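Have a look at model36.csv; it's CSV, C-alpha atoms:
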chain,number,residue,atom,x,y,z
C,265,MET,CA,68.3,144.3,-6.7
C,266,GLN,CA,68.8,146.5,-3.6
C,267,ASN,CA,72.1,147.6,-2.2
C,268,PHE,CA,73.5,145.5,0.6
C,269,TYR,CA,76.4,144.9,3.0
C,270,TYR,CA,77.3,141.3,3.7
C,271,SER,CA,79.6,139.7,6.3
C,272,ILE,CA,79.5,136.4,8.2
C,273,PRO,CA,82.0,136.4,11.0
C,274,THR,CA,80.9,133.1,12.5
C,275,GLN,CA,83.4,130.3,12.1
C,276,VAL,CA,81.9,126.9,11.5
C,277,ALA,CA,83.2,123.4,12.4
C,278,PHE,CA,80.9,121.0,10.5
C,279,GLY,CA,80.8,117.2,10.7
C,280,LYS,CA,81.4,114.2,12.9
C,281,GLY,CA,83.7,114.7,15.8
C,282,GLN,CA,84.1,118.4,15.5
C,283,ILE,CA,83.2,118.8,19.2
C,284,GLU,CA,86.9,118.2,19.9
C,285,LYS,CA,87.5,121.8,18.7
C,286,LEU,CA,85.2,123.2,21.4
C,287,PRO,CA,87.7,123.9,24.1
C,288,GLU,CA,89.9,125.7,21.6
C,289,PHE,CA,87.0,127.9,20.6
C,290,VAL,CA,85.9,128.6,24.1
C,291,LYS,CA,89.4,129.6,25.2
C,292,LYS,CA,89.7,132.1,22.4
C,293,CYS,CA,86.6,133.8,23.6
C,294,GLY,CA,86.9,133.8,27.4
C,295,LYS,CA,87.9,132.1,30.6
C,296,LYS,CA,84.6,131.0,32.2
C,297,ALA,CA,81.6,129.7,30.3
C,298,LEU,CA,77.9,129.5,30.9
C,299,LEU,CA,76.3,126.3,29.5
C,300,VAL,CA,72.8,127.2,28.3
C,301,TYR,CA,70.5,124.3,27.5
C,302,GLY,CA,66.9,123.2,27.5
C,303,GLY,CA,64.9,120.4,29.0
C,304,GLY,CA,67.6,117.8,29.4
C,305,SER,CA,67.7,116.0,26.1
C,306,ILE,CA,71.5,116.7,25.9
C,307,LYS,CA,71.8,114.7,29.1
C,308,ARG,CA,69.8,111.7,27.7
C,309,THR,CA,71.9,111.6,24.5
C,310,GLY,CA,75.3,111.9,26.3
C,311,LEU,CA,76.2,115.2,24.7
C,312,TYR,CA,76.1,117.0,28.1
C,313,ASP,CA,78.7,114.6,29.5
C,314,GLU,CA,80.8,114.9,26.4
C,315,VAL,CA,80.9,118.7,26.6
C,316,THR,CA,81.5,119.0,30.3
C,317,GLU,CA,84.2,116.4,30.2
C,318,LEU,CA,86.0,118.4,27.4
C,319,LEU,CA,85.7,121.6,29.5
C,320,LYS,CA,87.0,119.9,32.6
C,321,LYS,CA,89.9,118.2,30.8
C,322,ASN,CA,91.0,121.6,29.4
C,323,GLY,CA,90.7,123.5,32.6
C,324,ILE,CA,87.7,125.6,31.6
C,325,PRO,CA,85.4,126.4,34.5
C,326,PHE,CA,81.7,126.7,33.8
C,327,ALA,CA,78.3,127.4,35.3
C,328,GLU,CA,74.9,126.2,34.0
C,329,LEU,CA,71.5,127.6,33.0
C,330,SER,CA,69.1,124.9,32.2
C,331,GLY,CA,65.4,124.8,31.4
C,332,VAL,CA,65.3,127.1,28.4
C,333,GLU,CA,61.8,127.0,26.9
C,334,PRO,CA,61.0,126.1,23.3
C,335,ASN,CA,59.8,129.7,23.0
C,336,PRO,CA,62.5,131.2,25.2
C,337,ARG,CA,61.1,133.6,27.8
C,338,VAL,CA,62.5,136.9,28.9
C,339,THR,CA,62.3,135.7,32.5
C,340,THR,CA,64.9,133.0,31.6
C,341,VAL,CA,67.0,135.6,29.9
C,342,ASN,CA,67.1,137.8,33.0
C,343,LYS,CA,68.0,134.8,35.1
C,344,GLY,CA,70.9,134.1,32.8
C,345,VAL,CA,72.1,137.7,32.9
C,346,ALA,CA,72.1,137.6,36.7
C,347,LEU,CA,74.0,134.3,36.7
C,348,CYS,CA,76.6,135.7,34.4
C,349,ARG,CA,77.2,138.6,36.7
C,350,GLU,CA,77.3,136.5,39.8
C,351,GLU,CA,79.6,133.8,38.4
C,352,GLY,CA,82.0,136.1,36.4
C,353,ILE,CA,81.0,134.6,33.1
C,354,ASP,CA,82.7,135.9,29.9
C,355,VAL,CA,81.6,133.4,27.2
C,356,LEU,CA,78.3,131.8,26.5
C,357,LEU,CA,78.0,128.2,25.4
C,358,PRO,CA,74.5,127.3,24.2
C,359,ILE,CA,73.9,123.6,23.4
C,360,GLY,CA,70.7,122.9,21.6
C,361,GLY,CA,68.5,124.3,18.9
C,362,GLY,CA,67.5,127.8,18.0
C,363,SER,CA,65.6,128.5,21.2
C,364,THR,CA,68.7,127.8,23.3
C,365,ILE,CA,70.9,129.9,21.1
C,366,ASP,CA,68.4,132.7,20.9
C,367,CYS,CA,68.2,132.8,24.7
C,368,ALA,CA,72.0,133.0,24.9
C,369,LYS,CA,72.0,135.8,22.4
C,370,ALA,CA,69.6,137.8,24.5
C,371,ILE,CA,71.7,137.1,27.6
C,372,ALA,CA,74.8,138.2,25.7
C,373,ALA,CA,73.2,141.6,24.8
C,374,ALA,CA,71.4,142.2,28.1
C,375,TYR,CA,74.5,141.6,30.1
C,376,TYR,CA,75.7,145.0,29.2
C,377,TYR,CA,72.4,146.7,29.9
C,378,GLU,CA,71.4,147.8,33.5
C,379,GLY,CA,67.7,147.4,33.1
C,380,ASP,CA,65.3,144.6,32.2
C,381,ALA,CA,66.3,142.4,29.3
C,382,TRP,CA,63.0,143.0,27.6
C,383,ASP,CA,64.0,146.6,26.9
C,384,VAL,CA,66.9,145.3,24.8
C,385,VAL,CA,64.6,142.9,23.0
C,386,LEU,CA,62.3,145.7,22.1
C,387,ASP,CA,65.0,148.2,21.1
C,388,ASP,CA,68.1,146.9,19.2
C,389,ASN,CA,69.7,150.3,19.6
C,390,LEU,CA,70.3,149.5,23.3
C,391,ILE,CA,72.7,146.7,22.3
C,392,ILE,CA,76.1,148.3,22.7
C,393,ASN,CA,78.2,145.2,23.4
C,394,ALA,CA,77.6,141.4,23.8
C,395,LEU,CA,79.3,138.5,25.4
C,396,PRO,CA,80.9,136.1,22.9
C,397,ILE,CA,78.9,133.0,22.0
C,398,VAL,CA,80.1,129.5,21.0
C,399,SER,CA,77.2,127.4,19.9
C,400,VAL,CA,76.8,123.6,19.7
C,401,LEU,CA,73.8,122.9,17.4
C,402,THR,CA,71.4,119.9,17.9
C,403,LEU,CA,68.4,120.9,15.7
C,404,ALA,CA,68.2,122.1,12.1
C,405,ALA,CA,65.6,124.8,12.0
C,406,THR,CA,66.1,128.4,13.0
C,407,GLY,CA,69.6,129.0,11.6
C,408,SER,CA,70.4,130.9,14.8
C,409,GLU,CA,73.9,129.3,14.9
C,410,MET,CA,75.0,131.5,12.0
C,411,ASP,CA,72.9,134.7,12.1
C,412,VAL,CA,72.3,137.9,14.1
C,413,PHE,CA,68.8,137.2,15.2
C,414,ALA,CA,67.0,136.0,18.3
C,415,VAL,CA,63.3,135.7,19.1
C,416,ILE,CA,62.2,136.1,22.7
C,417,SER,CA,58.7,135.7,24.4
C,418,ASN,CA,57.2,137.7,27.1
C,419,GLU,CA,54.6,135.5,28.8
C,420,GLU,CA,53.2,138.4,30.8
C,421,THR,CA,52.3,140.6,27.8
C,422,LYS,CA,51.8,137.7,25.3
C,423,ASP,CA,54.4,139.2,23.0
C,424,LYS,CA,57.0,137.3,20.9
C,425,VAL,CA,59.5,139.7,19.5
C,426,GLY,CA,62.6,139.4,17.2
C,427,MET,CA,65.8,141.2,17.9
C,428,GLY,CA,68.9,141.5,15.8
C,429,ASN,CA,72.4,143.0,15.9
C,430,PRO,CA,75.7,142.1,14.2
C,431,LEU,CA,77.2,141.7,17.7
C,432,LEU,CA,75.0,138.6,18.2
C,433,TYR,CA,76.7,136.4,15.5
C,434,PRO,CA,78.1,133.4,17.3
C,435,LYS,CA,81.9,133.5,17.2
C,436,TYR,CA,82.1,129.8,16.6
C,437,SER,CA,79.5,127.1,15.8
C,438,VAL,CA,80.0,123.4,16.1
C,439,MET,CA,77.6,121.6,13.8
C,440,ASP,CA,77.7,117.8,14.0
C,441,PRO,CA,74.8,116.2,12.1
C,442,THR,CA,74.9,113.1,14.4
C,443,TYR,CA,73.7,115.3,17.2
C,444,THR,CA,70.4,115.6,15.4
C,445,PHE,CA,69.9,111.8,15.1
C,446,SER,CA,67.8,111.8,18.3
C,447,VAL,CA,65.5,114.6,17.2
C,448,PRO,CA,61.9,113.1,17.0
C,449,PRO,CA,60.1,113.1,13.6
C,450,TYR,CA,57.7,115.9,14.8
C,451,GLN,CA,60.5,118.3,15.7
C,452,THR,CA,62.4,117.3,12.5
C,453,ALA,CA,59.3,118.1,10.4
C,454,SER,CA,58.7,121.4,12.2
C,455,GLY,CA,62.3,122.4,11.8
C,456,THR,CA,62.2,121.7,8.1
C,457,ALA,CA,59.0,123.8,7.8
C,458,ASP,CA,60.8,126.6,9.6
C,459,ILE,CA,63.8,126.4,7.2
C,460,MET,CA,61.4,126.5,4.2
C,461,SER,CA,59.5,129.4,5.6
C,462,HIS,CA,62.8,131.4,5.9
C,463,ILE,CA,63.3,130.9,2.2
C,464,PHE,CA,59.7,131.5,1.2
C,465,GLU,CA,59.6,134.9,2.9
C,466,LEU,CA,62.5,136.1,0.7
C,467,TYR,CA,61.6,134.2,-2.5
C,468,PHE,CA,58.1,135.6,-2.8
C,469,ASN,CA,58.7,139.2,-1.6
C,470,GLY,CA,58.6,140.6,-5.1
C,471,VAL,CA,62.0,142.5,-5.0
C,472,PRO,CA,63.2,142.3,-8.6
C,473,GLY,CA,66.6,141.5,-10.0
C,474,ALA,CA,67.9,138.9,-7.5
C,475,PHE,CA,68.1,136.1,-10.1
C,476,MET,CA,71.1,134.4,-8.6
C,477,GLN,CA,69.7,134.4,-5.1
C,478,GLU,CA,66.3,133.0,-6.3
C,479,ARG,CA,68.0,130.0,-8.1
C,480,ILE,CA,69.9,129.3,-4.9
C,481,MET,CA,66.7,129.5,-2.9
C,482,GLU,CA,65.1,126.9,-5.2
C,483,ALA,CA,68.1,124.6,-4.6
C,484,LEU,CA,67.7,125.0,-0.8
C,485,LEU,CA,63.9,124.3,-1.0
C,486,LYS,CA,64.5,121.2,-3.1
C,487,THR,CA,67.0,120.0,-0.5
C,488,CYS,CA,64.3,120.4,2.3
C,489,ILE,CA,61.6,118.8,0.2
C,490,HIS,CA,63.9,115.8,-0.6
C,491,TYR,CA,65.6,115.3,2.8
C,492,GLY,CA,62.9,116.4,5.2
C,493,PRO,CA,60.7,113.3,4.8
C,494,ILE,CA,63.9,111.0,4.7
C,495,ALA,CA,65.1,112.4,8.0
C,496,CYS,CA,61.6,111.9,9.5
C,497,GLU,CA,61.5,108.3,8.3
C,498,ASN,CA,65.2,107.4,9.0
C,499,PRO,CA,66.5,109.6,11.8
C,500,GLU,CA,70.0,108.4,11.5
C,501,ASP,CA,70.5,109.0,7.8
C,502,TYR,CA,73.6,111.1,8.0
C,503,ASP,CA,73.3,112.8,4.6
C,504,ALA,CA,69.7,113.8,5.3
C,505,ARG,CA,70.6,115.3,8.6
C,506,ALA,CA,73.8,117.0,7.2
C,507,ASN,CA,72.0,118.6,4.3
C,508,LEU,CA,69.1,119.9,6.5
C,509,MET,CA,71.6,121.2,9.0
C,510,TRP,CA,73.6,123.1,6.5
C,511,THR,CA,70.5,124.4,4.6
C,512,SER,CA,69.1,125.7,7.9
C,513,SER,CA,72.2,128.0,8.3
C,514,TRP,CA,72.2,129.2,4.7
C,515,ALA,CA,68.4,129.9,4.7
C,516,ILE,CA,68.8,132.8,7.1
C,517,ASN,CA,72.5,133.8,7.4
C,518,GLY,CA,71.8,136.8,5.2
C,519,PHE,CA,73.3,135.4,1.9
C,520,ILE,CA,70.1,134.7,0.0
C,521,GLY,CA,68.5,137.9,1.3
C,522,CYS,CA,71.3,140.1,-0.1
C,523,GLY,CA,69.5,142.8,-2.2
C,524,LYS,CA,66.1,141.3,-1.5
C,525,GLY,CA,64.9,142.8,1.8
C,526,ALA,CA,61.3,143.1,2.9
C,527,ASP,CA,58.9,142.2,5.7
C,528,TRP,CA,58.3,138.6,6.8
C,529,PRO,CA,54.5,138.3,7.0
C,530,CYS,CA,54.3,134.5,7.8
C,531,HIS,CA,56.7,134.8,10.7
C,532,ALA,CA,54.9,137.9,12.0
C,533,MET,CA,51.6,136.0,12.0
C,534,GLU,CA,53.1,132.8,13.5
C,535,HIS,CA,54.9,134.7,16.3
C,536,GLN,CA,51.4,135.6,17.6
C,537,LEU,CA,50.4,131.9,17.6
C,538,SER,CA,53.5,131.0,19.6
C,539,ALA,CA,53.0,134.0,22.0
C,540,TYR,CA,49.4,133.3,22.7
C,541,TYR,CA,49.2,129.5,22.5
C,542,ASP,CA,52.8,128.4,23.0
C,543,VAL,CA,52.7,126.2,19.9
C,544,THR,CA,55.7,124.8,18.0
C,545,HIS,CA,56.9,127.6,15.7
C,546,GLY,CA,57.7,125.5,12.7
C,547,HIS,CA,54.4,123.7,12.9
C,548,GLY,CA,52.5,127.0,13.1
C,549,LEU,CA,54.4,128.1,9.9
C,550,ALA,CA,53.4,124.9,8.1
C,551,VAL,CA,49.8,125.5,8.9
C,552,LEU,CA,49.8,129.2,7.9
C,553,THR,CA,52.1,129.1,4.8
C,554,PRO,CA,49.9,127.4,2.3
C,555,VAL,CA,46.9,129.5,3.4
C,556,TRP,CA,49.0,132.7,3.0
C,557,MET,CA,50.2,131.6,-0.4
C,558,GLU,CA,46.7,131.0,-1.6
C,559,TYR,CA,45.6,134.4,-0.1
C,560,ILE,CA,48.2,136.4,-1.9
C,561,LEU,CA,48.0,134.6,-5.2
C,562,ASN,CA,46.8,137.2,-7.8
C,563,ASP,CA,47.9,138.7,-11.1
C,564,LYS,CA,50.8,140.4,-9.5
C,565,THR,CA,52.2,137.3,-7.9
C,566,VAL,CA,51.1,134.4,-10.1
C,567,LYS,CA,54.4,134.3,-12.1
C,568,MET,CA,56.5,133.9,-9.0
C,569,PHE,CA,54.3,131.0,-7.8
C,570,ALA,CA,54.3,129.4,-11.3
C,571,ASP,CA,58.1,129.8,-11.5
C,572,TYR,CA,58.3,128.1,-8.0
C,573,GLY,CA,56.1,125.2,-9.3
C,574,ARG,CA,58.3,124.8,-12.4
C,575,ASN,CA,61.7,125.2,-10.8
C,576,VAL,CA,61.2,123.4,-7.5
C,577,PHE,CA,58.5,120.8,-8.2
C,578,GLY,CA,59.2,120.3,-11.9
C,579,ILE,CA,55.6,121.1,-13.1
C,580,HIS,CA,56.1,121.6,-16.8
C,581,GLU,CA,52.6,120.9,-18.2
C,582,ASP,CA,51.1,123.6,-20.4
C,583,LYS,CA,48.2,124.3,-18.1
C,584,GLY,CA,48.5,128.0,-17.5
C,585,GLU,CA,50.2,130.1,-14.8
C,586,TYR,CA,47.4,130.0,-12.3
C,587,ASN,CA,47.0,126.2,-12.5
C,588,ILE,CA,50.7,125.7,-12.1
C,589,ALA,CA,50.8,128.1,-9.1
C,590,ARG,CA,47.8,126.4,-7.4
C,591,ASP,CA,49.4,123.0,-7.9
C,592,ALA,CA,52.7,124.2,-6.4
C,593,ILE,CA,50.8,125.5,-3.3
C,594,ALA,CA,49.0,122.2,-3.0
C,595,MET,CA,52.3,120.3,-3.3
C,596,THR,CA,53.9,122.5,-0.7
C,597,LYS,CA,51.1,121.6,1.7
C,598,GLN,CA,51.6,117.9,0.9
C,599,VAL,CA,55.3,118.1,1.8
C,600,PHE,CA,54.2,119.1,5.3
C,601,VAL,CA,51.6,116.3,5.4
C,602,ASP,CA,54.1,113.8,4.2
C,603,MET,CA,56.4,114.7,7.2
C,604,GLY,CA,53.5,114.1,9.6
C,605,LEU,CA,52.4,117.6,10.3
C,606,THR,CA,48.7,118.5,10.7
C,607,THR,CA,47.3,121.4,8.6
C,608,THR,CA,44.8,123.3,10.7
C,609,LEU,CA,45.0,125.4,13.9
C,610,ARG,CA,42.3,123.2,15.4
C,611,GLU,CA,44.5,120.2,15.0
C,612,MET,CA,47.2,122.1,16.8
C,613,GLY,CA,44.9,122.5,19.8
C,614,ILE,CA,43.7,126.1,19.1
C,615,THR,CA,40.0,125.7,19.7
C,616,GLU,CA,38.8,129.4,19.8
C,617,LYS,CA,39.0,132.4,17.5
C,618,ASP,CA,38.6,135.0,20.2
C,619,LYS,CA,42.3,136.1,20.2
C,620,PHE,CA,42.6,136.5,16.4
C,621,GLU,CA,41.8,140.2,16.3
C,622,GLU,CA,44.2,141.0,19.1
C,623,MET,CA,46.9,138.9,17.4
C,624,ALA,CA,46.3,140.5,14.0
C,625,GLU,CA,46.8,144.0,15.6
C,626,LYS,CA,50.2,143.0,16.7
C,627,ALA,CA,51.2,141.1,13.5
C,628,VAL,CA,50.1,143.8,11.0
C,629,VAL,CA,53.0,146.2,11.9
C,630,GLU,CA,55.3,143.7,10.2
C,631,CYS,CA,53.2,142.9,7.2
C,632,GLY,CA,53.0,146.1,5.1
C,633,ASN,CA,56.3,146.1,3.2
C,634,TYR,CA,55.6,143.1,0.9
C,635,ILE,CA,54.5,142.5,-2.6
C,636,VAL,CA,51.0,142.0,-1.3
C,637,PRO,CA,50.7,144.1,1.9
C,638,LEU,CA,48.4,142.6,4.6
C,639,THR,CA,45.9,144.6,6.6
C,640,LYS,CA,44.6,143.6,10.0
C,641,GLU,CA,41.5,142.3,8.3
C,642,ASP,CA,43.6,140.2,5.9
C,643,ILE,CA,45.4,138.6,8.8
C,644,ILE,CA,42.2,137.8,10.6
C,645,GLU,CA,40.9,136.2,7.5
C,646,ILE,CA,44.1,134.1,7.1
C,647,TYR,CA,43.8,132.9,10.7
C,648,ASN,CA,40.2,132.0,10.0
C,649,ARG,CA,41.0,130.1,6.9
C,650,ALA,CA,43.7,128.2,8.7
C,651,PHE,CA,41.4,127.4,11.6

Entire entry expressed as C-alpha cells:
Amino acid sequence: MQNFYYSIPTQVAFGKGQIEKLPEFVKKCGKKALLVYGGGSIKRTGLYDEVTELLKKNGIPFAELSGVEPNPRVTTVNKGVALCREEGIDVLLPIGGGSTIDCAKAIAAAYYYEGDAWDVVLDDNLIINALPIVSVLTLAATGSEMDVFAVISNEETKDKVGMGNPLLYPKYSVMDPTYTFSVPPYQTASGTADIMSHIFELYFNGVPGAFMQERIMEALLKTCIHYGPIACENPEDYDARANLMWTSSWAINGFIGCGKGADWPCHAMEHQLSAYYDVTHGHGLAVLTPVWMEYILNDKTVKMFADYGRNVFGIHEDKGEYNIARDAIAMTKQVFVDMGLTTTLREMGITEKDKFEEMAEKAVVECGNYIVPLTKEDIIEIYNRAF
C-alpha cells in the first residue's frame, strides 16, 4: 500500500428535509450567493422555488447562472467568473448534478485568476484560492459534492480536462435522495455506471496491499448492482436513491483510493468521447468498460478479475480463473443492459471512426501508469472494439 494523506473537510447534511439547513450553511460562507444550475429541471421539480424562498426568507441576496451544460464548458465558467465580479458574489451555490458542481468549482478557482479560466483548468498550480461552495445535489453520479475534482470541456479545442485542488472541496453539501426521484431512468443508469467506473479504476489498478479498501469497493459495487436497476424501475424508491447517492460520494471522495493511486484509463478514453461527440459521460463509460476489461485480461490481471467475480457476483464454481473472470466481465455488461443502456458507440450515435486516432493521442497521456499500460494503438483498438 502506498503512503497517503487523507482529509474530507466537506460537511454533509443527508436525508429528507435537510434543505432547511441551507441558509445557515450559506451564511457561514458568505453574504451574497450565485445560484448555478443547468437546463431548468430544478424549476420543473419545485426545488428552485424552495431554495430561492429559503434565501429570501433569510435575507440572503443572490444572482443566477443558468444553462450549465451536461459537459460544462469553459465559456460558461468564464461567464460565471464575470458575473461573480460584477455582482460581488462571495459564495457559490450549485444546485444539480456533477456538471453543475464542476462548473461552480472552476468558477471558484478562476475567480482569483486574472486570465482565461481555461488556464486554471490546464494547470492546477494556478489555483491559489477559491470561493466557498455550498452544493445541493440532485443526481447520484460524479461524487463532485464531496471531492476536489472538476472536469471542464473546451468546445473550441475539443478537449475535456480534469482539474483538482483541495481548495475545491465544497464546504457543505445538502444531499436529499428525494431530489433524485425525478431523474429519468437513462440518467439514473448512466450515473450508476459512472459510480461503478470510479470504483473499477481503483479496484483493478494492481497496486498491492490495499486489502481493506478493496473489500469496501466490492460492497460499493454490490450496492450499485443491486440498487441501480431498482432505481431505474422505481424512481421513487427512497432506499435505492439514498444508497446510490451515498455510494456516489464514497466512490470518489478519496477514501477507497488511499494507498492505491494510479491512472484512470477508462475515464481518459471516455473524456475524449464526451469532448468530440458530447455524449453522456456515464453511458460512454458503460460502453467502454467491458471492452477495456476484456482487453487487459491476461495472466497478470486474471486473479483480480476472478476475485471480482467471486466477491461481487458470487461466482463460486470450480471453472478456472479465466472462466470466472470472463463471466464477471459479461455480468458487468449485463448490469448496464438491465438498466437500459446500449453497449456500442454506434448505438450512442457515433457513426464514424475518423476521430479515433486523434482521440487516442490525447487519451494516452493518462493511460501509462496502470497494471496494463495502454499505448495509442491499444486505445484505438479499444475504440474499434466498442464501435

message = Ranking C:Val415, C:Leu638, C:Leu299, C:Ala457 by minimum distance to Thr596 (chain C) and counting all atoms listed in the file, which one comes first?
response =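 Residue with the minimum atom-to-atom distance to Thr596 (chain C): C:Ala457.
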
key: Computed interatomic separation between CA of Thr444 (chain C) and CA of Glu611 (chain C) (Å)   = 26.3 Å

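For the atom pair formed by CA of Leu318 (chain C) and CA of Val398 (chain C), the distance is 14.1 Å, given to one decimal.
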
key: Shell around Glu630 (chain C) at 10 Å using only C-alpha atoms, local window under 3 positions removed, as an MDAnalysis selection string   = chainID C and resid 526:533 626:627 633:634 637:638

Expected file contents, prior selection, C-alpha atoms, as a CSV table (one decimal), in the coordinates of the input:
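The new file selection.csv reads:
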chain,number,residue,atom,x,y,z
C,526,ALA,CA,61.3,143.1,2.9
C,527,ASP,CA,58.9,142.2,5.7
C,528,TRP,CA,58.3,138.6,6.8
C,529,PRO,CA,54.5,138.3,7.0
C,530,CYS,CA,54.3,134.5,7.8
C,531,HIS,CA,56.7,134.8,10.7
C,532,ALA,CA,54.9,137.9,12.0
C,533,MET,CA,51.6,136.0,12.0
C,626,LYS,CA,50.2,143.0,16.7
C,627,ALA,CA,51.2,141.1,13.5
C,633,ASN,CA,56.3,146.1,3.2
C,634,TYR,CA,55.6,143.1,0.9
C,637,PRO,CA,50.7,144.1,1.9
C,638,LEU,CA,48.4,142.6,4.6

ask   = So how far away is CA of Gln275 (chain C) from CA of Tyr436 (chain C), in Å?
value = 4.7 Å

query = Near Asp602 (chain C), within 12 Å and counting all atoms listed in the file, which residues show up once chain neighbours fewer than 2 positions away are dropped, as a ChimeraX atom specification?
reply = /C:449-450,453-454,456-457,489-497,550,595-600,604-607

Take the residues that were just selected and, keeping C-alpha atoms, output them as a tab-separated table (two decimals), in the frame of the given file.
chain	number	residue	atom	x	y	z
C	449	PRO	CA	60.10	113.10	13.60
C	450	TYR	CA	57.70	115.90	14.80
C	453	ALA	CA	59.30	118.10	10.40
C	454	SER	CA	58.70	121.40	12.20
C	456	THR	CA	62.20	121.70	8.10
C	457	ALA	CA	59.00	123.80	7.80
C	489	ILE	CA	61.60	118.80	0.20
C	490	HIS	CA	63.90	115.80	-0.60
C	491	TYR	CA	65.60	115.30	2.80
C	492	GLY	CA	62.90	116.40	5.20
C	493	PRO	CA	60.70	113.30	4.80
C	494	ILE	CA	63.90	111.00	4.70
C	495	ALA	CA	65.10	112.40	8.00
C	496	CYS	CA	61.60	111.90	9.50
C	497	GLU	CA	61.50	108.30	8.30
C	550	ALA	CA	53.40	124.90	8.10
C	595	MET	CA	52.30	120.30	-3.30
C	596	THR	CA	53.90	122.50	-0.70
C	597	LYS	CA	51.10	121.60	1.70
C	598	GLN	CA	51.60	117.90	0.90
C	599	VAL	CA	55.30	118.10	1.80
C	600	PHE	CA	54.20	119.10	5.30
C	604	GLY	CA	53.50	114.10	9.60
C	605	LEU	CA	52.40	117.60	10.30
C	606	THR	CA	48.70	118.50	10.70
C	607	THR	CA	47.30	121.40	8.60

task = Extract, using all atoms listed in the file, all DNA, RNA and protein residues at most 10 Å from Gln282 (chain C), discarding same-chain residues fewer than 2 positions from it, and format them as a PyMOL selection string.
result = chain C and resi 276-280+284-286+400+437-440

ask   = From the set C:Pro325, C:Thr442, C:Thr565, C:Val425, which residue has the shortest atom-to-atom contact distance to Thr309 (chain C), counting all atoms listed in the file?
value =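 Distance minimum relative to Thr309 (chain C) lands on C:Thr442.
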
task = Measuring atom to atom with all atoms listed in the file, identify which of C:Ile459, C:Met568, C:Ala624, C:Ala373 is nearest to Gly546 (chain C).
result = C:Ile459

inquiry  = Around the point (77.7, 140.1, 17.3) (coordinates from the file), which residues reach within 9 Å if we count only C-alpha atoms? Answer as a count of residues only.
reply    = 17

query = C:Gly521, C:Glu465, C:Met410, C:Ala405: which is nearest Tyr269 (chain C), counting only C-alpha atoms?
reply =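 Closest to Tyr269 (chain C), using only C-alpha atoms: C:Gly521.
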
key: Contacts of Cys348 (chain C) at 10 Å (only C-alpha atoms; same-chain gap of 6+ positions) as a VMD selection string   = chain C and resid 296 to 298 327 to 329 342 354 to 356 371 to 372 375 395

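Among C:Ser305, C:Ser408, C:Asn498, C:Asn562, the residue with the shortest atom-to-atom distance to Trp514 (chain C), counting all atoms listed in the file, is C:Ser408.
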
message = Report as a list in words all protein, DNA and RNA residues lying within 9 Å of Met427 (chain C), evaluated on only C-alpha atoms, omitting residues in the same chain fewer than 5 positions from it.
response = Ala370, Val384, Val385, Leu386, Asp387, Asp388, Val412, Phe413, Ala414, Val415 and Ile416 of chain C

Just the selected residues (C-alpha atoms), exported as a compact mmCIF listing (two decimals), in the coordinates of the input, please.
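part.txt, freshly written:
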# COMPACT_ATOMS: atom_id res chain seq x y z
CA ALA C 370 69.60 137.80 24.50
CA VAL C 384 66.90 145.30 24.80
CA VAL C 385 64.60 142.90 23.00
CA LEU C 386 62.30 145.70 22.10
CA ASP C 387 65.00 148.20 21.10
CA ASP C 388 68.10 146.90 19.20
CA VAL C 412 72.30 137.90 14.10
CA PHE C 413 68.80 137.20 15.20
CA ALA C 414 67.00 136.00 18.30
CA VAL C 415 63.30 135.70 19.10
CA ILE C 416 62.20 136.10 22.70

note = Counting only C-alpha atoms, closest pick from C:Ser513, C:Gln451, C:Thr339, C:Thr487 relative to Val543 (chain C) is C:Gln451

Could you put an axis-aligned box around every listed atom of region 426-433 of chain C, padded by 8 Å on each side, and send me its centre and edge lengths in Å to one decimal, as lines of an AutoDock Vina configuration file?
center_x = 69.9
center_y = 139.7
center_z = 16.2
size_x = 30.6
size_y = 22.6
size_z = 20.0

Can you rebuild region 481-491 of chain C with N, CA and C atoms and give it as a PDB file, keeping the file's coordinate frame?
ATOM      1  N   MET C 481      67.857 129.787  -3.733  1.00  0.00           N
ATOM      2  CA  MET C 481      66.700 129.500  -2.900  1.00  0.00           C
ATOM      3  C   MET C 481      65.985 128.239  -3.356  1.00  0.00           C
ATOM      4  N   GLU C 482      65.825 128.103  -4.656  1.00  0.00           N
ATOM      5  CA  GLU C 482      65.100 126.900  -5.200  1.00  0.00           C
ATOM      6  C   GLU C 482      65.915 125.655  -4.876  1.00  0.00           C
ATOM      7  N   ALA C 483      67.241 125.718  -4.944  1.00  0.00           N
ATOM      8  CA  ALA C 483      68.100 124.600  -4.600  1.00  0.00           C
ATOM      9  C   ALA C 483      67.906 124.208  -3.106  1.00  0.00           C
ATOM     10  N   LEU C 484      67.874 125.230  -2.254  1.00  0.00           N
ATOM     11  CA  LEU C 484      67.700 125.000  -0.800  1.00  0.00           C
ATOM     12  C   LEU C 484      66.323 124.393  -0.533  1.00  0.00           C
ATOM     13  N   LEU C 485      65.289 124.893  -1.213  1.00  0.00           N
ATOM     14  CA  LEU C 485      63.900 124.300  -1.000  1.00  0.00           C
ATOM     15  C   LEU C 485      63.888 122.883  -1.491  1.00  0.00           C
ATOM     16  N   LYS C 486      64.508 122.584  -2.616  1.00  0.00           N
ATOM     17  CA  LYS C 486      64.500 121.200  -3.100  1.00  0.00           C
ATOM     18  C   LYS C 486      65.243 120.281  -2.127  1.00  0.00           C
ATOM     19  N   THR C 487      66.259 120.803  -1.467  1.00  0.00           N
ATOM     20  CA  THR C 487      67.000 120.000  -0.500  1.00  0.00           C
ATOM     21  C   THR C 487      66.042 119.676   0.706  1.00  0.00           C
ATOM     22  N   CYS C 488      65.286 120.660   1.183  1.00  0.00           N
ATOM     23  CA  CYS C 488      64.300 120.400   2.300  1.00  0.00           C
ATOM     24  C   CYS C 488      63.255 119.427   1.866  1.00  0.00           C
ATOM     25  N   ILE C 489      62.713 119.613   0.676  1.00  0.00           N
ATOM     26  CA  ILE C 489      61.600 118.800   0.200  1.00  0.00           C
ATOM     27  C   ILE C 489      62.098 117.321   0.024  1.00  0.00           C
ATOM     28  N   HIS C 490      63.356 117.155  -0.399  1.00  0.00           N
ATOM     29  CA  HIS C 490      63.900 115.800  -0.600  1.00  0.00           C
ATOM     30  C   HIS C 490      64.287 115.155   0.744  1.00  0.00           C
ATOM     31  N   TYR C 491      65.024 115.890   1.577  1.00  0.00           N
ATOM     32  CA  TYR C 491      65.600 115.300   2.800  1.00  0.00           C
ATOM     33  C   TYR C 491      64.734 115.361   4.016  1.00  0.00           C
TER      34      TYR C 491
END
